[in-house]
Amino acid sequence: MKIEHLAIWVDDLELLREFYIKYFNVSSGEKYVNTKRNYTSYFLSFGAEKTRIELMHIPDMENPAGRGNLKGLAHFAVSVGDKKVVDALTEKLRKDGYTIASEPRTSGDGYYESAVLDPEGNYIEITE
């Protein structure tokens with residue numbers, strides 16, 4: 001078994017798509033449009049394993065609890081393969097103005113990682 005994909009509701013579909021393409025080297029499928037539901041989405045694929053993120057959008061969708069205040073997915077981690085890559089990507093994201101939520105370090109459970117917030121505040125761990 002494996003996780004096939006995880007899905008994220010987003011406010012700005014194109015902004016998030018470009019963020020993940022630029023910094024995490026994902027490939028993007030074609031934009032899916034459902035005019036009946038006023039719904040659009042993209043599937044973004046990571047590497048040979050083809051693990052995917054689905055970015056989903058419905059205009060004017062309201063989340064009464066607010067982002068970050070819901071129980072559920074706390075973060076996801078992207079393995080970049082090497083400590084030096086963790087460090088370099090963290091610095092590139094910082095230089096480009098993104099919030100570094102956790103500096104590169106070895107965590108208590110043994111991961112070398114940092115964390116960044118994407119443009120809409122989703123918490124992404126960058127691991128070796």
# chains A, B, ... in the order shown; residues from 1 in each chain; ligands from 1
>>> closest_atom_pairs(of="range 19-114 of chain A", to="range 123-128 of chain A", cutoff="10 Å", atoms="only C-alpha atoms", output="JSON lines")
{"residue": "A:Phe24", "atom": "CA", "partner": "A:Ile126", "partner_atom": "CA", "distance": 9.5}
{"residue": "A:Gly68", "atom": "CA", "partner": "A:Tyr123", "partner_atom": "CA", "distance": 9.4}
{"residue": "A:Leu73", "atom": "CA", "partner": "A:Tyr123", "partner_atom": "CA", "distance": 9.6}
{"residue": "A:Ala74", "atom": "CA", "partner": "A:Tyr123", "partner_atom": "CA", "distance": 7.1}
{"residue": "A:His75", "atom": "CA", "partner": "A:Tyr123", "partner_atom": "CA", "distance": 5.0}
{"residue": "A:Phe76", "atom": "CA", "partner": "A:Ile124", "partner_atom": "CA", "distance": 5.3}
{"residue": "A:Ala77", "atom": "CA", "partner": "A:Glu125", "partner_atom": "CA", "distance": 4.4}
{"residue": "A:Val78", "atom": "CA", "partner": "A:Ile126", "partner_atom": "CA", "distance": 5.1}
{"residue": "A:Ser79", "atom": "CA", "partner": "A:Thr127", "partner_atom": "CA", "distance": 4.6}
{"residue": "A:Val80", "atom": "CA", "partner": "A:Glu128", "partner_atom": "CA", "distance": 5.3}
{"residue": "A:Gly81", "atom": "CA", "partner": "A:Glu128", "partner_atom": "CA", "distance": 4.5}
{"residue": "A:Asp82", "atom": "CA", "partner": "A:Glu128", "partner_atom": "CA", "distance": 4.4}
{"residue": "A:Lys83", "atom": "CA", "partner": "A:Glu128", "partner_atom": "CA", "distance": 5.2}
{"residue": "A:Lys84", "atom": "CA", "partner": "A:Glu128", "partner_atom": "CA", "distance": 8.2}
{"residue": "A:Val85", "atom": "CA", "partner": "A:Glu128", "partner_atom": "CA", "distance": 7.4}
{"residue": "A:Val86", "atom": "CA", "partner": "A:Ile126", "partner_atom": "CA", "distance": 6.1}
{"residue": "A:Asp87", "atom": "CA", "partner": "A:Ile126", "partner_atom": "CA", "distance": 9.2}
{"residue": "A:Leu89", "atom": "CA", "partner": "A:Ile126", "partner_atom": "CA", "distance": 8.3}
{"residue": "A:Thr90", "atom": "CA", "partner": "A:Ile126", "partner_atom": "CA", "distance": 8.0}
{"residue": "A:Thr99", "atom": "CA", "partner": "A:Tyr123", "partner_atom": "CA", "distance": 9.8}
{"residue": "A:Ile100", "atom": "CA", "partner": "A:Tyr123", "partner_atom": "CA", "distance": 9.5}
{"residue": "A:Ala101", "atom": "CA", "partner": "A:Tyr123", "partner_atom": "CA", "distance": 7.7}
{"residue": "A:Ser102", "atom": "CA", "partner": "A:Glu125", "partner_atom": "CA", "distance": 8.5}
{"residue": "A:Pro104", "atom": "CA", "partner": "A:Ile126", "partner_atom": "CA", "distance": 8.7}
{"residue": "A:Arg105", "atom": "CA", "partner": "A:Thr127", "partner_atom": "CA", "distance": 9.7}
{"residue": "A:Thr106", "atom": "CA", "partner": "A:Thr127", "partner_atom": "CA", "distance": 9.6}
{"residue": "A:Tyr111", "atom": "CA", "partner": "A:Thr127", "partner_atom": "CA", "distance": 6.6}
{"residue": "A:Tyr112", "atom": "CA", "partner": "A:Thr127", "partner_atom": "CA", "distance": 5.7}
{"residue": "A:Glu113", "atom": "CA", "partner": "A:Thr127", "partner_atom": "CA", "distance": 4.3}
{"residue": "A:Ser114", "atom": "CA", "partner": "A:Ile126", "partner_atom": "CA", "distance": 5.3}
>>> select_by_dssp(residues="range 9-52 of chain A", states="alpha helix (DSSP H)", output="list in words")
Leu13, Glu14, Leu15, Leu16, Arg17, Glu18, Phe19, Tyr20, Ile21, Lys22, Tyr23 and Phe24 of chain A
>>> closest_atom_pairs(of="range 42-104 of chain A", to="range 7-18 of chain A", cutoff="6 Å", atoms="only C-alpha atoms", output="JSON lines")
{"residue": "A:Ile53", "atom": "CA", "partner": "A:Ala7", "partner_atom": "CA", "distance": 5.7}
{"residue": "A:Glu54", "atom": "CA", "partner": "A:Ala7", "partner_atom": "CA", "distance": 4.5}
{"residue": "A:Leu55", "atom": "CA", "partner": "A:Ile8", "partner_atom": "CA", "distance": 5.1}
{"residue": "A:Met56", "atom": "CA", "partner": "A:Trp9", "partner_atom": "CA", "distance": 4.8}
{"residue": "A:His57", "atom": "CA", "partner": "A:Val10", "partner_atom": "CA", "distance": 5.5}
>>> write_last_selection(atoms="all heavy atoms", output="compact mmCIF listing (two decimals), in the first residue's frame")
# COMPACT_ATOMS: atom_id res chain seq x y z
N ILE A 53 -0.24 15.44 -4.96
CA ILE A 53 -1.04 16.38 -4.20
C ILE A 53 -2.12 16.86 -5.14
O ILE A 53 -1.84 17.17 -6.31
CB ILE A 53 -0.21 17.60 -3.74
CG1 ILE A 53 0.84 17.20 -2.73
CG2 ILE A 53 -1.12 18.68 -3.16
CD1 ILE A 53 1.75 18.35 -2.33
N GLU A 54 -3.34 16.93 -4.65
CA GLU A 54 -4.43 17.51 -5.42
C GLU A 54 -4.73 18.89 -4.83
O GLU A 54 -5.07 18.99 -3.65
CB GLU A 54 -5.66 16.62 -5.36
CG GLU A 54 -6.82 17.15 -6.17
CD GLU A 54 -8.06 16.27 -6.10
OE1 GLU A 54 -8.12 15.38 -5.22
OE2 GLU A 54 -8.97 16.48 -6.91
N LEU A 55 -4.57 19.92 -5.63
CA LEU A 55 -4.94 21.27 -5.22
C LEU A 55 -6.36 21.49 -5.71
O LEU A 55 -6.64 21.31 -6.90
CB LEU A 55 -4.00 22.30 -5.83
CG LEU A 55 -2.52 22.15 -5.49
CD1 LEU A 55 -1.71 23.22 -6.22
CD2 LEU A 55 -2.29 22.23 -3.99
N MET A 56 -7.27 21.90 -4.82
CA MET A 56 -8.68 22.03 -5.16
C MET A 56 -9.18 23.43 -4.83
O MET A 56 -8.78 24.01 -3.81
CB MET A 56 -9.51 21.01 -4.37
CG MET A 56 -9.02 19.59 -4.50
SD MET A 56 -10.00 18.41 -3.53
CE MET A 56 -9.94 19.10 -1.88
N HIS A 57 -10.09 23.93 -5.66
CA HIS A 57 -10.59 25.30 -5.46
C HIS A 57 -12.06 25.41 -5.85
O HIS A 57 -12.48 24.90 -6.88
CB HIS A 57 -9.78 26.27 -6.31
CG HIS A 57 -10.30 27.68 -6.25
ND1 HIS A 57 -10.11 28.50 -5.16
CD2 HIS A 57 -11.00 28.40 -7.14
CE1 HIS A 57 -10.67 29.67 -5.40
NE2 HIS A 57 -11.23 29.64 -6.59
>>> residues_around(residues="Phe19 in chain A", least_positions_apart="6", cutoff="12 Å", atoms="only C-alpha atoms", output="number ranges by chain")
A: 12-13, 25-28, 44, 55, 93, 96, 98, 116-120, 122
>>> closest_residue(among="A:Lys22, A:Arg37, A:Lys31, A:Lys50", to="Lys2 in chain A", atoms="only C-alpha atoms")
A:Lys50
>>> atom_distance(atom1="CA of Gly121 in chain A", atom2="CA of Ile21 in chain A")
16.8 Å
>>> atom_distance(atom1="CA of Glu4 in chain A", atom2="CA of Arg52 in chain A")
6.3 Å
